[in-house]
>>> print(open('coords_11.tsv').read())   # TSV, N, CA and C atoms
chain	number	residue	atom	x	y	z
A	1	VAL	N	-33.98	14.96	-4.79
A	1	VAL	CA	-33.46	13.61	-4.59
A	1	VAL	C	-32.67	13.17	-5.83
A	2	GLN	N	-33.21	13.47	-7.01
A	2	GLN	CA	-32.51	13.07	-8.25
A	2	GLN	C	-31.14	13.73	-8.33
A	3	ARG	N	-31.07	15.02	-7.99
A	3	ARG	CA	-29.78	15.73	-8.05
A	3	ARG	C	-28.79	15.12	-7.06
A	4	LEU	N	-29.24	14.80	-5.85
A	4	LEU	CA	-28.38	14.17	-4.86
A	4	LEU	C	-27.86	12.83	-5.35
A	5	LEU	N	-28.75	12.05	-5.98
A	5	LEU	CA	-28.38	10.74	-6.48
A	5	LEU	C	-27.35	10.83	-7.60
A	6	ILE	N	-27.57	11.74	-8.52
A	6	ILE	CA	-26.62	11.92	-9.63
A	6	ILE	C	-25.26	12.39	-9.10
A	7	ASP	N	-25.28	13.38	-8.22
A	7	ASP	CA	-24.02	13.87	-7.65
A	7	ASP	C	-23.28	12.77	-6.90
A	8	SER	N	-24.03	11.97	-6.17
A	8	SER	CA	-23.42	10.90	-5.39
A	8	SER	C	-22.78	9.83	-6.29
A	9	LEU	N	-23.50	9.42	-7.33
A	9	LEU	CA	-22.96	8.42	-8.26
A	9	LEU	C	-21.77	8.97	-9.04
A	10	GLU	N	-21.84	10.24	-9.45
A	10	GLU	CA	-20.70	10.85	-10.13
A	10	GLU	C	-19.48	10.88	-9.20
A	11	GLY	N	-19.74	11.14	-7.93
A	11	GLY	CA	-18.66	11.24	-6.95
A	11	GLY	C	-17.89	9.96	-6.73
A	12	THR	N	-18.47	8.82	-7.10
A	12	THR	CA	-17.74	7.56	-6.96
A	12	THR	C	-16.61	7.46	-7.97
A	13	ARG	N	-16.75	8.18	-9.09
A	13	ARG	CA	-15.78	8.16	-10.19
A	13	ARG	C	-15.54	6.74	-10.74
A	14	ARG	N	-16.54	5.87	-10.58
A	14	ARG	CA	-16.41	4.50	-11.04
A	14	ARG	C	-17.34	4.18	-12.21
A	15	LEU	N	-18.16	5.16	-12.61
A	15	LEU	CA	-19.06	4.96	-13.74
A	15	LEU	C	-18.60	5.82	-14.90
A	16	GLN	N	-18.77	5.30	-16.10
A	16	GLN	CA	-18.33	6.02	-17.30
A	16	GLN	C	-19.08	7.33	-17.45
A	17	ALA	N	-20.38	7.33	-17.20
A	17	ALA	CA	-21.18	8.55	-17.33
A	17	ALA	C	-22.43	8.42	-16.48
A	18	VAL	N	-22.87	9.55	-15.96
A	18	VAL	CA	-24.11	9.63	-15.18
A	18	VAL	C	-24.82	10.88	-15.65
A	19	GLY	N	-26.11	10.79	-15.91
A	19	GLY	CA	-26.81	11.99	-16.37
A	19	GLY	C	-28.30	11.93	-16.09
A	20	TRP	N	-28.93	13.06	-16.29
A	20	TRP	CA	-30.38	13.19	-16.15
A	20	TRP	C	-31.07	12.38	-17.23
A	21	GLU	N	-32.29	12.05	-17.02
A	21	GLU	CA	-33.08	11.32	-18.02
A	21	GLU	C	-33.16	12.12	-19.32
A	22	GLU	N	-33.22	13.45	-19.20
A	22	GLU	CA	-33.34	14.31	-20.38
A	22	GLU	C	-32.00	14.56	-21.07
A	23	SER	N	-30.91	14.08	-20.50
A	23	SER	CA	-29.60	14.34	-21.10
A	23	SER	C	-29.46	13.57	-22.42
A	24	ALA	N	-28.45	13.92	-23.17
A	24	ALA	CA	-28.23	13.30	-24.48
A	24	ALA	C	-27.44	11.99	-24.40
A	25	LEU	N	-27.26	11.45	-23.20
A	25	LEU	CA	-26.53	10.20	-23.06
A	25	LEU	C	-27.30	9.06	-23.73
A	26	ASP	N	-26.56	8.20	-24.39
A	26	ASP	CA	-27.15	6.99	-24.96
A	26	ASP	C	-27.07	5.91	-23.88
A	27	ALA	N	-27.97	5.99	-22.93
A	27	ALA	CA	-27.92	5.12	-21.75
A	27	ALA	C	-28.34	3.69	-22.09
A	28	LYS	N	-27.54	2.75	-21.68
A	28	LYS	CA	-27.88	1.34	-21.82
A	28	LYS	C	-28.61	0.85	-20.57
A	29	ILE	N	-28.37	1.55	-19.46
A	29	ILE	CA	-29.00	1.19	-18.19
A	29	ILE	C	-29.55	2.45	-17.55
A	30	ARG	N	-30.77	2.35	-17.04
A	30	ARG	CA	-31.41	3.48	-16.36
A	30	ARG	C	-31.69	3.08	-14.92
A	31	LEU	N	-31.45	4.02	-14.02
A	31	LEU	CA	-31.78	3.83	-12.62
A	31	LEU	C	-33.09	4.57	-12.34
A	32	THR	N	-34.11	3.82	-11.97
A	32	THR	CA	-35.39	4.45	-11.63
A	32	THR	C	-35.49	4.57	-10.12
A	33	THR	N	-36.21	5.59	-9.68
A	33	THR	CA	-36.34	5.88	-8.26
A	33	THR	C	-37.80	6.08	-7.90
A	34	ASP	N	-38.22	5.44	-6.83
A	34	ASP	CA	-39.57	5.60	-6.32
A	34	ASP	C	-39.47	5.97	-4.85
A	35	ILE	N	-39.88	7.20	-4.51
A	35	ILE	CA	-39.84	7.63	-3.11
A	35	ILE	C	-41.09	7.09	-2.43
A	36	ARG	N	-40.91	6.20	-1.46
A	36	ARG	CA	-42.03	5.60	-0.76
A	36	ARG	C	-42.32	6.30	0.57
A	37	GLU	N	-41.27	6.70	1.27
A	37	GLU	CA	-41.44	7.38	2.56
A	37	GLU	C	-40.43	8.50	2.66
A	38	PHE	N	-40.90	9.65	3.12
A	38	PHE	CA	-40.02	10.78	3.36
A	38	PHE	C	-40.79	11.69	4.32
A	39	TYR	N	-40.72	11.36	5.60
A	39	TYR	CA	-41.52	12.09	6.60
A	39	TYR	C	-40.89	11.97	7.99
A	40	LEU	N	-41.46	12.75	8.92
A	40	LEU	CA	-41.08	12.66	10.33
A	40	LEU	C	-42.11	11.82	11.06
A	41	ARG	N	-41.63	10.91	11.88
A	41	ARG	CA	-42.53	10.04	12.66
A	41	ARG	C	-42.33	10.34	14.15
A	42	TYR	N	-43.43	10.55	14.84
A	42	TYR	CA	-43.40	10.74	16.29
A	42	TYR	C	-43.91	9.46	16.93
A	43	ASP	N	-43.06	8.78	17.70
A	43	ASP	CA	-43.47	7.54	18.35
A	43	ASP	C	-44.30	7.79	19.60
A	44	GLU	N	-43.94	8.84	20.33
A	44	GLU	CA	-44.65	9.18	21.57
A	44	GLU	C	-44.74	10.69	21.69
A	45	PRO	N	-45.82	11.18	22.26
A	45	PRO	CA	-45.92	12.62	22.48
A	45	PRO	C	-44.77	13.12	23.36
A	46	GLY	N	-44.25	14.29	23.00
A	46	GLY	CA	-43.18	14.89	23.80
A	46	GLY	C	-41.78	14.40	23.48
A	47	THR	N	-41.66	13.47	22.53
A	47	THR	CA	-40.32	12.98	22.15
A	47	THR	C	-39.92	13.60	20.83
A	48	ASN	N	-38.64	13.53	20.53
A	48	ASN	CA	-38.16	14.01	19.23
A	48	ASN	C	-38.58	13.04	18.14
A	49	PRO	N	-38.85	13.54	16.96
A	49	PRO	CA	-39.29	12.66	15.86
A	49	PRO	C	-38.12	11.88	15.26
A	50	ILE	N	-38.50	10.98	14.39
A	50	ILE	CA	-37.54	10.18	13.63
A	50	ILE	C	-37.79	10.46	12.16
A	51	ALA	N	-36.74	10.79	11.44
A	51	ALA	CA	-36.85	10.99	9.98
A	51	ALA	C	-36.87	9.61	9.32
A	52	GLU	N	-37.90	9.36	8.54
A	52	GLU	CA	-38.07	8.10	7.81
A	52	GLU	C	-37.86	8.35	6.33
A	53	VAL	N	-36.94	7.63	5.74
A	53	VAL	CA	-36.69	7.75	4.30
A	53	VAL	C	-36.63	6.35	3.71
A	54	THR	N	-37.51	6.07	2.76
A	54	THR	CA	-37.51	4.78	2.06
A	54	THR	C	-37.63	5.06	0.57
A	55	LEU	N	-36.68	4.54	-0.19
A	55	LEU	CA	-36.70	4.66	-1.64
A	55	LEU	C	-36.55	3.28	-2.25
A	56	ILE	N	-37.20	3.07	-3.38
A	56	ILE	CA	-37.05	1.83	-4.14
A	56	ILE	C	-36.34	2.17	-5.44
A	57	PHE	N	-35.27	1.45	-5.70
A	57	PHE	CA	-34.45	1.68	-6.89
A	57	PHE	C	-34.52	0.46	-7.80
A	58	SER	N	-34.53	0.70	-9.09
A	58	SER	CA	-34.46	-0.39	-10.07
A	58	SER	C	-33.45	-0.01	-11.14
A	59	LEU	N	-32.63	-0.97	-11.52
A	59	LEU	CA	-31.73	-0.82	-12.66
A	59	LEU	C	-32.41	-1.51	-13.84
A	60	VAL	N	-32.65	-0.74	-14.91
A	60	VAL	CA	-33.39	-1.25	-16.05
A	60	VAL	C	-32.48	-1.29	-17.28
A	61	ASP	N	-32.45	-2.44	-17.95
A	61	ASP	CA	-31.72	-2.59	-19.21
A	61	ASP	C	-32.58	-1.93	-20.28
A	62	MET	N	-32.08	-0.86	-20.87
A	62	MET	CA	-32.87	-0.09	-21.83
A	62	MET	C	-33.08	-0.81	-23.16
A	63	ASP	N	-32.21	-1.77	-23.47
A	63	ASP	CA	-32.38	-2.53	-24.72
A	63	ASP	C	-33.54	-3.53	-24.61
A	64	THR	N	-33.72	-4.13	-23.43
A	64	THR	CA	-34.74	-5.16	-23.26
A	64	THR	C	-35.94	-4.69	-22.43
A	65	GLY	N	-35.74	-3.63	-21.65
A	65	GLY	CA	-36.80	-3.15	-20.75
A	65	GLY	C	-36.91	-3.98	-19.48
A	66	LYS	N	-36.01	-4.94	-19.32
A	66	LYS	CA	-36.06	-5.80	-18.14
A	66	LYS	C	-35.33	-5.17	-16.96
A	67	ILE	N	-35.84	-5.46	-15.78
A	67	ILE	CA	-35.20	-5.00	-14.55
A	67	ILE	C	-34.02	-5.92	-14.25
A	68	ILE	N	-32.84	-5.33	-14.16
A	68	ILE	CA	-31.62	-6.06	-13.86
A	68	ILE	C	-31.55	-6.38	-12.38
A	69	SER	N	-31.89	-5.38	-11.59
A	69	SER	CA	-31.82	-5.52	-10.14
A	69	SER	C	-32.72	-4.48	-9.50
A	70	ARG	N	-33.21	-4.80	-8.31
A	70	ARG	CA	-34.09	-3.88	-7.57
A	70	ARG	C	-33.65	-3.87	-6.12
A	71	LYS	N	-33.73	-2.69	-5.50
A	71	LYS	CA	-33.30	-2.56	-4.10
A	71	LYS	C	-34.22	-1.59	-3.38
A	72	VAL	N	-34.61	-1.97	-2.17
A	72	VAL	CA	-35.33	-1.08	-1.27
A	72	VAL	C	-34.34	-0.62	-0.22
A	73	VAL	N	-34.22	0.69	-0.07
A	73	VAL	CA	-33.32	1.26	0.93
A	73	VAL	C	-34.19	2.07	1.90
A	74	SER	N	-34.11	1.70	3.17
A	74	SER	CA	-34.90	2.36	4.19
A	74	SER	C	-34.00	2.76	5.35
A	75	VAL	N	-34.10	4.02	5.75
A	75	VAL	CA	-33.28	4.54	6.84
A	75	VAL	C	-34.18	5.29	7.80
A	76	GLN	N	-33.93	5.07	9.08
A	76	GLN	CA	-34.60	5.82	10.14
A	76	GLN	C	-33.52	6.57	10.92
A	77	GLN	N	-33.65	7.89	10.98
A	77	GLN	CA	-32.65	8.73	11.65
A	77	GLN	C	-33.33	9.58	12.72
A	78	PRO	N	-33.01	9.32	14.00
A	78	PRO	CA	-33.59	10.15	15.06
A	78	PRO	C	-33.14	11.61	14.95
A	79	CYS	N	-34.06	12.51	15.21
A	79	CYS	CA	-33.73	13.94	15.24
A	79	CYS	C	-33.12	14.25	16.61
A	80	ALA	N	-32.15	15.14	16.60
A	80	ALA	CA	-31.48	15.52	17.86
A	80	ALA	C	-32.35	16.45	18.70
A	81	GLY	N	-33.36	17.02	18.09
A	81	GLY	CA	-34.23	17.95	18.80
A	81	GLY	C	-35.51	18.16	18.03
A	82	SER	N	-36.19	19.26	18.32
A	82	SER	CA	-37.48	19.49	17.68
A	82	SER	C	-37.53	20.78	16.87
A	83	SER	N	-36.36	21.28	16.46
A	83	SER	CA	-36.33	22.48	15.63
A	83	SER	C	-36.27	22.08	14.15
A	84	VAL	N	-36.62	23.03	13.30
A	84	VAL	CA	-36.57	22.78	11.86
A	84	VAL	C	-35.14	22.42	11.44
A	85	GLN	N	-34.15	23.10	11.99
A	85	GLN	CA	-32.75	22.81	11.65
A	85	GLN	C	-32.38	21.36	12.02
A	86	GLU	N	-32.89	20.88	13.14
A	86	GLU	CA	-32.60	19.50	13.54
A	86	GLU	C	-33.36	18.50	12.67
A	87	PHE	N	-34.53	18.87	12.20
A	87	PHE	CA	-35.27	18.02	11.27
A	87	PHE	C	-34.49	17.90	9.96
A	88	VAL	N	-34.03	19.05	9.46
A	88	VAL	CA	-33.27	19.07	8.20
A	88	VAL	C	-31.98	18.26	8.36
A	89	ALA	N	-31.31	18.40	9.49
A	89	ALA	CA	-30.07	17.65	9.73
A	89	ALA	C	-30.34	16.14	9.74
A	90	ALA	N	-31.44	15.72	10.35
A	90	ALA	CA	-31.78	14.29	10.39
A	90	ALA	C	-32.06	13.76	8.99
A	91	PHE	N	-32.81	14.52	8.18
A	91	PHE	CA	-33.07	14.10	6.81
A	91	PHE	C	-31.77	14.05	5.99
A	92	SER	N	-30.88	15.00	6.24
A	92	SER	CA	-29.59	15.02	5.53
A	92	SER	C	-28.78	13.77	5.86
A	93	ILE	N	-28.72	13.41	7.12
A	93	ILE	CA	-27.99	12.20	7.53
A	93	ILE	C	-28.65	10.96	6.93
A	94	ALA	N	-29.98	10.92	6.97
A	94	ALA	CA	-30.70	9.77	6.41
A	94	ALA	C	-30.43	9.63	4.92
A	95	MET	N	-30.48	10.75	4.19
A	95	MET	CA	-30.23	10.69	2.74
A	95	MET	C	-28.80	10.28	2.44
A	96	THR	N	-27.85	10.73	3.24
A	96	THR	CA	-26.45	10.31	3.04
A	96	THR	C	-26.33	8.80	3.18
A	97	LYS	N	-27.00	8.24	4.16
A	97	LYS	CA	-26.98	6.78	4.37
A	97	LYS	C	-27.66	6.06	3.20
A	98	VAL	N	-28.79	6.61	2.73
A	98	VAL	CA	-29.47	6.02	1.57
A	98	VAL	C	-28.55	6.03	0.36
A	99	LEU	N	-27.91	7.16	0.11
A	99	LEU	CA	-27.04	7.29	-1.06
A	99	LEU	C	-25.83	6.36	-0.96
A	100	ASP	N	-25.25	6.22	0.22
A	100	ASP	CA	-24.12	5.30	0.39
A	100	ASP	C	-24.53	3.87	0.05
A	101	GLN	N	-25.68	3.45	0.57
A	101	GLN	CA	-26.15	2.08	0.28
A	101	GLN	C	-26.47	1.91	-1.20
A	102	THR	N	-27.07	2.94	-1.78
A	102	THR	CA	-27.45	2.88	-3.19
A	102	THR	C	-26.23	2.82	-4.09
A	103	ASN	N	-25.23	3.65	-3.81
A	103	ASN	CA	-24.00	3.63	-4.61
A	103	ASN	C	-23.38	2.25	-4.60
A	104	GLU	N	-23.25	1.65	-3.43
A	104	GLU	CA	-22.63	0.33	-3.32
A	104	GLU	C	-23.43	-0.70	-4.11
A	105	TRP	N	-24.75	-0.65	-4.00
A	105	TRP	CA	-25.60	-1.59	-4.72
A	105	TRP	C	-25.48	-1.40	-6.23
A	106	VAL	N	-25.54	-0.15	-6.71
A	106	VAL	CA	-25.43	0.12	-8.15
A	106	VAL	C	-24.10	-0.41	-8.67
A	107	LEU	N	-23.02	-0.05	-8.01
A	107	LEU	CA	-21.69	-0.46	-8.49
A	107	LEU	C	-21.53	-1.97	-8.46
A	108	THR	N	-22.00	-2.61	-7.41
A	108	THR	CA	-21.91	-4.08	-7.30
A	108	THR	C	-22.78	-4.74	-8.37
A	109	SER	N	-23.96	-4.18	-8.62
A	109	SER	CA	-24.87	-4.75	-9.62
A	109	SER	C	-24.32	-4.61	-11.03
A	110	LEU	N	-23.60	-3.53	-11.29
A	110	LEU	CA	-23.12	-3.27	-12.66
A	110	LEU	C	-21.75	-3.88	-12.94
A	111	GLU	N	-21.00	-4.26	-11.92
A	111	GLU	CA	-19.65	-4.81	-12.13
A	111	GLU	C	-19.62	-5.95	-13.14
A	112	PRO	N	-20.48	-6.97	-13.02
A	112	PRO	CA	-20.42	-8.06	-14.01
A	112	PRO	C	-20.68	-7.57	-15.44
A	113	ARG	N	-21.56	-6.60	-15.62
A	113	ARG	CA	-21.88	-6.08	-16.94
A	113	ARG	C	-20.70	-5.30	-17.51
A	114	VAL	N	-20.02	-4.54	-16.66
A	114	VAL	CA	-18.86	-3.77	-17.11
A	114	VAL	C	-17.72	-4.73	-17.48
A	115	GLU	N	-17.48	-5.74	-16.65
A	115	GLU	CA	-16.42	-6.71	-16.94
A	115	GLU	C	-16.72	-7.46	-18.23
A	116	GLU	N	-17.99	-7.81	-18.45
A	116	GLU	CA	-18.39	-8.51	-19.67
A	116	GLU	C	-18.14	-7.64	-20.89
A	117	ARG	N	-18.50	-6.36	-20.81
A	117	ARG	CA	-18.32	-5.43	-21.93
A	117	ARG	C	-16.84	-5.21	-22.21
A	118	GLU	N	-16.02	-5.07	-21.15
A	118	GLU	CA	-14.59	-4.87	-21.35
A	118	GLU	C	-13.94	-6.10	-21.97
A	119	GLY	N	-14.41	-7.29	-21.57
A	119	GLY	CA	-13.89	-8.51	-22.17
A	119	GLY	C	-14.23	-8.61	-23.65
A	120	ALA	N	-15.44	-8.16	-24.00
A	120	ALA	CA	-15.86	-8.17	-25.40
A	120	ALA	C	-15.04	-7.18	-26.22
A	121	LYS	N	-14.73	-6.03	-25.64
A	121	LYS	CA	-13.91	-5.04	-26.35
A	121	LYS	C	-12.53	-5.59	-26.64
A	122	LYS	N	-11.95	-6.31	-25.68
A	122	LYS	CA	-10.62	-6.88	-25.86
A	122	LYS	C	-10.62	-7.91	-26.97
A	123	GLN	N	-11.77	-8.55	-27.18
A	123	GLN	CA	-11.88	-9.56	-28.24
A	123	GLN	C	-12.33	-8.94	-29.55
A	124	GLY	N	-12.48	-7.61	-29.58
A	124	GLY	CA	-12.85	-6.92	-30.81
A	124	GLY	C	-14.32	-6.91	-31.10
A	125	LYS	N	-15.17	-7.22	-30.10
A	125	LYS	CA	-16.61	-7.19	-30.28
A	125	LYS	C	-17.14	-5.86	-29.79
A	126	PRO	N	-18.22	-5.36	-30.39
A	126	PRO	CA	-18.81	-4.07	-29.97
A	126	PRO	C	-19.46	-4.14	-28.61
>>> encode(input="coords_11.tsv", output="structure tokens")
Amino acid sequence: VQRLLIDSLEGTRRLQAVGWEESALDAKIRLTTDIREFYLRYDEPGTNPIAEVTLIFSLVDMDTGKIISRKVVSVQQPCAGSSVQEFVAAFSIAMTKVLDQTNEWVLTSLEPRVEEREGAKKQGKP
């Protein structure tokens, strides 16, 4: 999940840098992830399952330790059938939807901070 998230955020090409927690980046903001649900749900016997994916994300200001913003993203994706390949396909679609929502939230949440920092740079402030 972490690799998918990093690849997805990098793919937006709208962030200065994205990296693993162990990377040497001097991160001012950290995105934390809590996987709450990641399973197949059967509503009725004999029906195809539904892939359930719920993640909780928090943007944390590393200077203060305060949470800037928090988001719960939950997706339910019906499986097209009952084979392992169809289960994997449903989880793949669900994760793509989670990542799309997460990217938009991260970028929207960080826009005011980026604009503030760019304004400070123009005024000669660090």
>>> closest_residue(input="coords_11.tsv", among="A:Ser92, A:Gln2, A:Asn103, A:Ser82", to="A:Thr47", atoms="only N, CA and C atoms")
A:Ser82
>>> atom_distance(input="coords_11.tsv", atom1="atom CA of A:Ala51", atom2="atom CA of A:Arg70")
23.2 Å
>>> atom_distance(input="coords_11.tsv", atom1="atom CA of A:Thr32", atom2="atom CA of A:Val88")
24.7 Å
>>> residues_around(input="coords_11.tsv", residues="A:Ser69", least_positions_apart="3", cutoff="6 Å", atoms="only N, CA and C atoms", output="PyMOL selection string")
chain A and resi 57-60
>>> write_last_selection(input="coords_11.tsv", atoms="N, CA and C atoms", output="PDB file, keeping the file's coordinate frame")
ATOM      1  N   PHE A  57     -35.270   1.450  -5.700  1.00  0.00           N
ATOM      2  CA  PHE A  57     -34.450   1.680  -6.890  1.00  0.00           C
ATOM      3  C   PHE A  57     -34.520   0.460  -7.800  1.00  0.00           C
ATOM      4  N   SER A  58     -34.530   0.700  -9.090  1.00  0.00           N
ATOM      5  CA  SER A  58     -34.460  -0.390 -10.070  1.00  0.00           C
ATOM      6  C   SER A  58     -33.450  -0.010 -11.140  1.00  0.00           C
ATOM      7  N   LEU A  59     -32.630  -0.970 -11.520  1.00  0.00           N
ATOM      8  CA  LEU A  59     -31.730  -0.820 -12.660  1.00  0.00           C
ATOM      9  C   LEU A  59     -32.410  -1.510 -13.840  1.00  0.00           C
ATOM     10  N   VAL A  60     -32.650  -0.740 -14.910  1.00  0.00           N
ATOM     11  CA  VAL A  60     -33.390  -1.250 -16.050  1.00  0.00           C
ATOM     12  C   VAL A  60     -32.480  -1.290 -17.280  1.00  0.00           C
TER      13      VAL A  60
END
>>> closest_atom_pairs(input="coords_11.tsv", of="stretch 54-109 of chain A", to="stretch 9-26 of chain A", cutoff="8 Å", atoms="all atoms listed in the file", output="Markdown table")
| residue | atom | partner | partner_atom | distance |
| --- | --- | --- | --- | --- |
| A:Leu99 | C | A:Leu9 | N | 7.4 |
| A:Thr102 | C | A:Leu9 | CA | 7.7 |
| A:Asn103 | CA | A:Leu9 | CA | 6.1 |
| A:Leu107 | CA | A:Arg14 | C | 7.4 |
>>> residues_around(input="coords_11.tsv", residues="A:Phe91", least_positions_apart="3", cutoff="8 Å", atoms="only N, CA and C atoms", output="ChimeraX atom specification")
/A:50-53,77-79,85-88,94-97
>>> atom_distance(input="coords_11.tsv", atom1="atom CA of A:Tyr42", atom2="atom CA of A:Ile93")
17.8 Å
